[in-house]
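Visitor: Below: one structure in structure tokens.
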There are 2 protein chains.
Amino acid sequence: MDGDVVSPRERYRAQVQAEIKQHAWQQIATTGVSALSLKAIAKHLGMSGPALYRYFASRDDLITALIRDAYRSLADAVREAYGSGADIAALAHVVRAWALSDPHRYLLIYGTPVPGYQAPADTVAMSQEIMSVLIAAYRTADIPSPETPFAAHLDSHRHWSPDPTVPAAVLRQAMTFWTRLHGVLSLELAGHFTGMDIDVALLYADEVDSLRQ
Amino acid sequence: MDGDVVSPRERYRAQVQAEIKQHAWQQIATTGVSALSLKAIAKHLGMSGPALYRYFASRDDLITALIRDAYRSLADAVREAYGSGADIAALAHVVRAWALSDPHRYLLIYGTPVPGYQAPADTVAMSQEIMSVLIAAYRTADIPSPETPFAAHLDSHRHWSPDPTVPAAVLRQAMTFWTRLHGVLSLELAGHFTGMDIDVALLYADEVDSLRQ
DNA sequence: TCGCAATGGTGATAGCCTCTAACTCCAGTT
DNA sequence: AACTGGAGTTAGAGGCTATCACCATTGCGA
């Protein structure tokens, strides 16, 4: 229980950090990450610019924290859905709902990376956590998968896989889940379908359907 | 012939504009578009900051010109390849080669859009031009395509299609070409496969193969 | 209870950036 | 030869990130 004891100072600090992140999300949701302004956040919080640097060492530091939270949120959503019995198709729709609920949050993770940004080991782990769920879902689903050249390649390049006993064909399926759905989602969120007047949900459903092979 | 007569002033202007764009591309290739600095470009050209505004009304204006050029380049590459007999698979590899030759150029078009940016009608037309080539390629390829719900939807939502007589199943195929390949490409260019030590070319090839249905 | 170190806040400032305004100057036109 | 419009300049407003020196407050141990 000793670990749970936090001083009032630390509690306050954590809360202010949370408030900063909340305002940051709000700002990102409307203007995107590129226009994220620490000064504007500070103003909204009623304090003056440099005070923010007590809580986040730099703009990149804040963004890193946001990325971490976004990954955590997505990983939780996927894991929870799988925990309550979601299959591949259901997981796909959980991912889409998560992305549409806050497009800029999705783009923060999977969009164009900021120039010099280095992902902390931490986010890589969460990315693998998501992959693990997909792999587990595919394993129990037992969907037949052809032996493609890429699957053969994965057989000897699987150090990113959580479990060495999983068939390479399943790894390929999980990877394809990722790339195909991201293909539709990222184009949709970037607005590349606007003006075409098409129902992206149907396109997405088609791709989800294509994952049963 | 009168239309080709340009004053020396105009020639000079066009050349400086080209030089500015060239330096802009150089800068984008290393730092990405978000760090594009007009002042830095001007410095490289040996002139002082505000002089650039004679040639591009604003930073967004310059970026728009770059986007236009990027679209033009991709559309040309795809059309030329198709003109010299490239089939669907060959077109897919032309697109990948184009993307890898300058990742930031691809991301400028298909990556996270800048907040307030509005695509000019011009780029929409070029996007459609690319789509037209894909549609033509699929039409001559005559690859069997299932009648999916999305294809049925496209049958009545095809105003973006260049030709009203093309079967909706073909429209769906062209769209799938786009989303699947973009899924792999954008994740690759954003660096989401680094650390996994996988051969993305094989993953891409698998997806290209999946397009024959 | 008192004193003190750590923490949170401030304004000033440096150094970037975009973009505007006023001004000079010269090439090309008339 | 005179004129005009475009190209360039410097100065400067206003935005940003980030650092610094300094003040205020808090909460802890002696």
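By convention here, the chains of the structure tokens are called A, B, ... in the order presented, each chain's residues are numbered starting at 1, and ligands are numbered starting at 1 in the order presented.
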Taking only C-alpha atoms (C1' of nucleotides) into account, report as a ChimeraX atom specification which residues of chain C lie within 10 Å of chain A.
Guide: /C:7-11
Visitor: With a distance cut-off of 12 Å and only C-alpha atoms (C1' of nucleotides), select the neighbouring residues of DG27 in chain D, excluding the residue or stretch itself and same-chain residues fewer than 3 positions from it, and output the selection as a compact mmCIF listing (two decimals) with N, CA and C atoms (P, O5', C5', C4', C3', O3' and C1' of nucleotides), in the first residue's frame.
Guide:
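Full text of part_32.txt as output:
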# COMPACT_ATOMS: atom_id res chain seq x y z
N SER A 7 1.87 12.35 -2.12
CA SER A 7 1.77 13.62 -1.41
C SER A 7 0.77 14.52 -2.14
N PRO A 8 0.20 15.48 -1.44
CA PRO A 8 -0.74 16.43 -2.06
C PRO A 8 -0.09 17.11 -3.26
N ARG A 9 1.17 17.44 -3.13
CA ARG A 9 1.90 18.06 -4.23
C ARG A 9 1.82 17.20 -5.49
P DG C 3 12.57 30.85 12.65
O5' DG C 3 13.29 29.87 11.63
C5' DG C 3 14.13 28.82 12.13
C4' DG C 3 14.56 27.93 10.99
C3' DG C 3 15.01 28.67 9.74
O3' DG C 3 16.10 27.95 9.18
C1' DG C 3 13.17 27.29 9.21
P DC C 4 17.02 28.56 8.07
O5' DC C 4 17.13 27.38 7.01
C5' DC C 4 16.71 26.06 7.37
C4' DC C 4 16.17 25.33 6.16
C3' DC C 4 16.61 25.91 4.81
O3' DC C 4 16.90 24.85 3.95
C1' DC C 4 14.26 25.80 4.88
P DA C 5 18.15 24.88 3.03
O5' DA C 5 17.77 23.80 1.91
C5' DA C 5 17.33 22.50 2.31
C4' DA C 5 16.14 22.07 1.47
C3' DA C 5 16.33 22.22 -0.05
O3' DA C 5 15.84 21.06 -0.67
C1' DA C 5 14.36 23.34 0.61
P DA C 6 16.29 20.63 -2.14
O5' DA C 6 14.90 20.29 -2.81
C5' DA C 6 13.89 19.64 -2.02
C4' DA C 6 12.51 20.04 -2.52
C3' DA C 6 12.39 20.11 -4.06
O3' DA C 6 11.24 19.39 -4.43
C1' DA C 6 11.55 22.08 -3.08
P DT C 7 10.95 19.02 -5.95
O5' DT C 7 9.69 19.93 -6.27
C5' DT C 7 8.60 19.95 -5.35
C4' DT C 7 7.71 21.13 -5.62
C3' DT C 7 7.43 21.37 -7.11
O3' DT C 7 6.04 21.29 -7.33
C1' DT C 7 7.94 23.40 -5.99
Visitor: For a quick test of understanding: name the residues of chain A lying within 9 Å of chain D when counting only C-alpha atoms (C1' of nucleotides), and present them as a compact mmCIF listing (two decimals) with C-alpha atoms, in the first residue's frame.
Guide:
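In the end it all went to result35.txt:
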# COMPACT_ATOMS: atom_id res chain seq x y z
CA ARG A 9 1.90 18.06 -4.23
CA SER A 37 0.18 25.78 -28.96
CA LEU A 38 1.48 25.51 -25.42
CA LYS A 39 0.90 29.17 -24.87
CA PRO A 50 6.40 29.24 -19.20
CA TYR A 53 7.22 23.81 -18.72
CA SER A 58 8.84 20.53 -24.13
CA ARG A 59 6.17 20.52 -26.80
Visitor: Counting only C-alpha atoms, figure out which residue out of B:Glu188, B:Asp122, B:Gly32, B:Ala57 gets nearest to chain A.
Guide: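 Selected residue with least distance to chain A: B:Gly32.
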Visitor: Taking only C-alpha atoms into account, what are the residues of chain B at most 7 Å from chain A, put as a ChimeraX atom specification?
Guide: /B:31-32,107,111-113,115,148-150,157,160,179-180,182-184,190,196-198,202-203,206
Visitor: Separation of C1' of DT18 in chain C and CA of Gln27 in chain A, in Å?
Guide: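 Calculated distance between C1' of DT18 in chain C and CA of Gln27 in chain A is 21.0 Å.
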Visitor: What separation in Å, quoted to one decimal, exists between CA of Ala137 in chain A and CA of Ile88 in chain A?
Guide: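 Going from CA of Ala137 in chain A over to CA of Ile88 in chain A covers 6.2 Å.
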Visitor: How would you write, as an MDAnalysis selection string, the set of residues in range 21-97 of chain B that DSSP gives as alpha helix (DSSP H)?
Guide: chainID B and resid 21:31 38:44 59:83 88:97
Visitor: How would the residues just picked look written out with N, CA and C atoms as a short mmCIF file (atom, residue, chain, number, x, y, z; two decimals), in the first residue's frame?
Guide:
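See out21.cif below for the written result:
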data_model
loop_
_atom_site.label_atom_id
_atom_site.label_comp_id
_atom_site.auth_asym_id
_atom_site.auth_seq_id
_atom_site.Cartn_x
_atom_site.Cartn_y
_atom_site.Cartn_z
N LYS B 21 10.52 26.35 -55.49
CA LYS B 21 9.91 25.04 -55.29
C LYS B 21 10.97 23.96 -55.13
N GLN B 22 12.02 24.10 -55.91
CA GLN B 22 13.08 23.10 -55.83
C GLN B 22 13.69 23.08 -54.42
N HIS B 23 14.00 24.25 -53.91
CA HIS B 23 14.54 24.31 -52.55
C HIS B 23 13.53 23.83 -51.52
N ALA B 24 12.27 24.11 -51.79
CA ALA B 24 11.23 23.67 -50.87
C ALA B 24 11.20 22.14 -50.81
N TRP B 25 11.26 21.51 -51.97
CA TRP B 25 11.26 20.04 -52.01
C TRP B 25 12.46 19.48 -51.26
N GLN B 26 13.58 20.12 -51.47
CA GLN B 26 14.80 19.69 -50.80
C GLN B 26 14.62 19.73 -49.28
N GLN B 27 14.02 20.82 -48.84
CA GLN B 27 13.81 21.00 -47.41
C GLN B 27 12.79 19.99 -46.89
N ILE B 28 11.72 19.81 -47.64
CA ILE B 28 10.68 18.86 -47.24
C ILE B 28 11.23 17.45 -47.15
N ALA B 29 12.10 17.12 -48.09
CA ALA B 29 12.64 15.76 -48.12
C ALA B 29 13.40 15.42 -46.85
N THR B 30 13.95 16.45 -46.20
CA THR B 30 14.74 16.15 -45.00
C THR B 30 13.95 16.40 -43.72
N THR B 31 13.12 17.44 -43.71
CA THR B 31 12.46 17.81 -42.46
C THR B 31 10.95 17.62 -42.47
N LEU B 38 9.86 29.48 -45.15
CA LEU B 38 10.05 30.38 -46.28
C LEU B 38 11.34 31.18 -46.13
N LYS B 39 11.60 31.61 -44.91
CA LYS B 39 12.78 32.42 -44.65
C LYS B 39 14.04 31.64 -45.01
N ALA B 40 14.07 30.37 -44.62
CA ALA B 40 15.24 29.55 -44.90
C ALA B 40 15.43 29.38 -46.40
N ILE B 41 14.33 29.20 -47.12
CA ILE B 41 14.42 29.07 -48.58
C ILE B 41 14.99 30.34 -49.19
N ALA B 42 14.46 31.48 -48.73
CA ALA B 42 14.93 32.76 -49.24
C ALA B 42 16.43 32.93 -49.00
N LYS B 43 16.85 32.54 -47.83
CA LYS B 43 18.27 32.65 -47.48
C LYS B 43 19.11 31.84 -48.46
N HIS B 44 18.66 30.60 -48.73
CA HIS B 44 19.37 29.74 -49.67
C HIS B 44 19.42 30.35 -51.06
N ARG B 59 2.61 30.89 -47.26
CA ARG B 59 3.19 29.56 -47.07
C ARG B 59 2.24 28.50 -47.64
N ASP B 60 0.96 28.63 -47.33
CA ASP B 60 -0.03 27.69 -47.84
C ASP B 60 -0.05 27.68 -49.36
N ASP B 61 0.15 28.85 -49.93
CA ASP B 61 0.15 28.95 -51.39
C ASP B 61 1.29 28.14 -51.99
N LEU B 62 2.45 28.24 -51.38
CA LEU B 62 3.59 27.46 -51.85
C LEU B 62 3.31 25.97 -51.70
N ILE B 63 2.80 25.59 -50.55
CA ILE B 63 2.49 24.18 -50.31
C ILE B 63 1.47 23.68 -51.32
N THR B 64 0.49 24.50 -51.60
CA THR B 64 -0.51 24.12 -52.61
C THR B 64 0.16 23.83 -53.95
N ALA B 65 1.09 24.71 -54.32
CA ALA B 65 1.80 24.50 -55.59
C ALA B 65 2.58 23.18 -55.55
N LEU B 66 3.17 22.88 -54.41
CA LEU B 66 3.93 21.63 -54.29
C LEU B 66 3.01 20.43 -54.40
N ILE B 67 1.86 20.52 -53.75
CA ILE B 67 0.88 19.43 -53.81
C ILE B 67 0.44 19.21 -55.26
N ARG B 68 0.19 20.32 -55.92
CA ARG B 68 -0.22 20.23 -57.32
C ARG B 68 0.85 19.50 -58.15
N ASP B 69 2.09 19.89 -57.96
CA ASP B 69 3.18 19.25 -58.69
C ASP B 69 3.29 17.77 -58.36
N ALA B 70 3.10 17.46 -57.09
CA ALA B 70 3.20 16.06 -56.68
C ALA B 70 2.11 15.23 -57.36
N TYR B 71 0.90 15.73 -57.34
CA TYR B 71 -0.21 15.04 -58.01
C TYR B 71 0.10 14.85 -59.49
N ARG B 72 0.56 15.94 -60.09
CA ARG B 72 0.88 15.91 -61.51
C ARG B 72 1.91 14.82 -61.80
N SER B 73 2.93 14.77 -60.96
CA SER B 73 4.00 13.80 -61.14
C SER B 73 3.47 12.37 -61.03
N LEU B 74 2.64 12.13 -60.01
CA LEU B 74 2.12 10.78 -59.83
C LEU B 74 1.18 10.40 -60.98
N ALA B 75 0.32 11.33 -61.34
CA ALA B 75 -0.62 11.05 -62.43
C ALA B 75 0.15 10.75 -63.72
N ASP B 76 1.19 11.52 -63.98
CA ASP B 76 2.00 11.28 -65.17
C ASP B 76 2.65 9.90 -65.13
N ALA B 77 3.24 9.59 -63.99
CA ALA B 77 3.93 8.30 -63.86
C ALA B 77 2.97 7.15 -64.13
N VAL B 78 1.78 7.23 -63.54
CA VAL B 78 0.80 6.16 -63.70
C VAL B 78 0.31 6.08 -65.14
N ARG B 79 0.00 7.24 -65.72
CA ARG B 79 -0.53 7.25 -67.07
C ARG B 79 0.50 6.75 -68.08
N GLU B 80 1.74 7.20 -67.90
CA GLU B 80 2.80 6.76 -68.81
C GLU B 80 3.02 5.25 -68.72
N ALA B 81 3.02 4.76 -67.49
CA ALA B 81 3.22 3.31 -67.31
C ALA B 81 2.11 2.54 -68.01
N TYR B 82 0.88 3.01 -67.82
CA TYR B 82 -0.24 2.32 -68.46
C TYR B 82 -0.11 2.42 -69.98
N GLY B 83 0.34 3.56 -70.44
CA GLY B 83 0.51 3.76 -71.88
C GLY B 83 1.52 2.80 -72.48
N ILE B 88 -2.20 -4.19 -63.94
CA ILE B 88 -2.49 -3.79 -62.56
C ILE B 88 -1.28 -3.95 -61.64
N ALA B 89 -0.64 -5.10 -61.70
CA ALA B 89 0.50 -5.35 -60.82
C ALA B 89 1.64 -4.38 -61.11
N ALA B 90 1.88 -4.16 -62.38
CA ALA B 90 2.96 -3.24 -62.76
C ALA B 90 2.64 -1.82 -62.29
N LEU B 91 1.38 -1.42 -62.43
CA LEU B 91 0.98 -0.10 -61.95
C LEU B 91 1.20 0.02 -60.45
N ALA B 92 0.89 -1.05 -59.75
CA ALA B 92 1.08 -1.03 -58.29
C ALA B 92 2.54 -0.79 -57.94
N HIS B 93 3.42 -1.40 -58.71
CA HIS B 93 4.84 -1.21 -58.40
C HIS B 93 5.36 0.15 -58.85
N VAL B 94 4.73 0.69 -59.86
CA VAL B 94 5.07 2.07 -60.25
C VAL B 94 4.71 3.02 -59.11
N VAL B 95 3.55 2.81 -58.55
CA VAL B 95 3.11 3.67 -57.45
C VAL B 95 4.07 3.54 -56.26
N ARG B 96 4.45 2.33 -55.94
CA ARG B 96 5.36 2.14 -54.80
C ARG B 96 6.71 2.79 -55.06
N ALA B 97 7.21 2.60 -56.26
CA ALA B 97 8.51 3.20 -56.59
C ALA B 97 8.43 4.72 -56.48
#
Visitor: Mind giving me the straight-line distance from CA of Gln173 in chain A to CA of Gln128 in chain A in Å, one decimal?
Guide: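 Computing it gives 14.8 Å between the two atoms.
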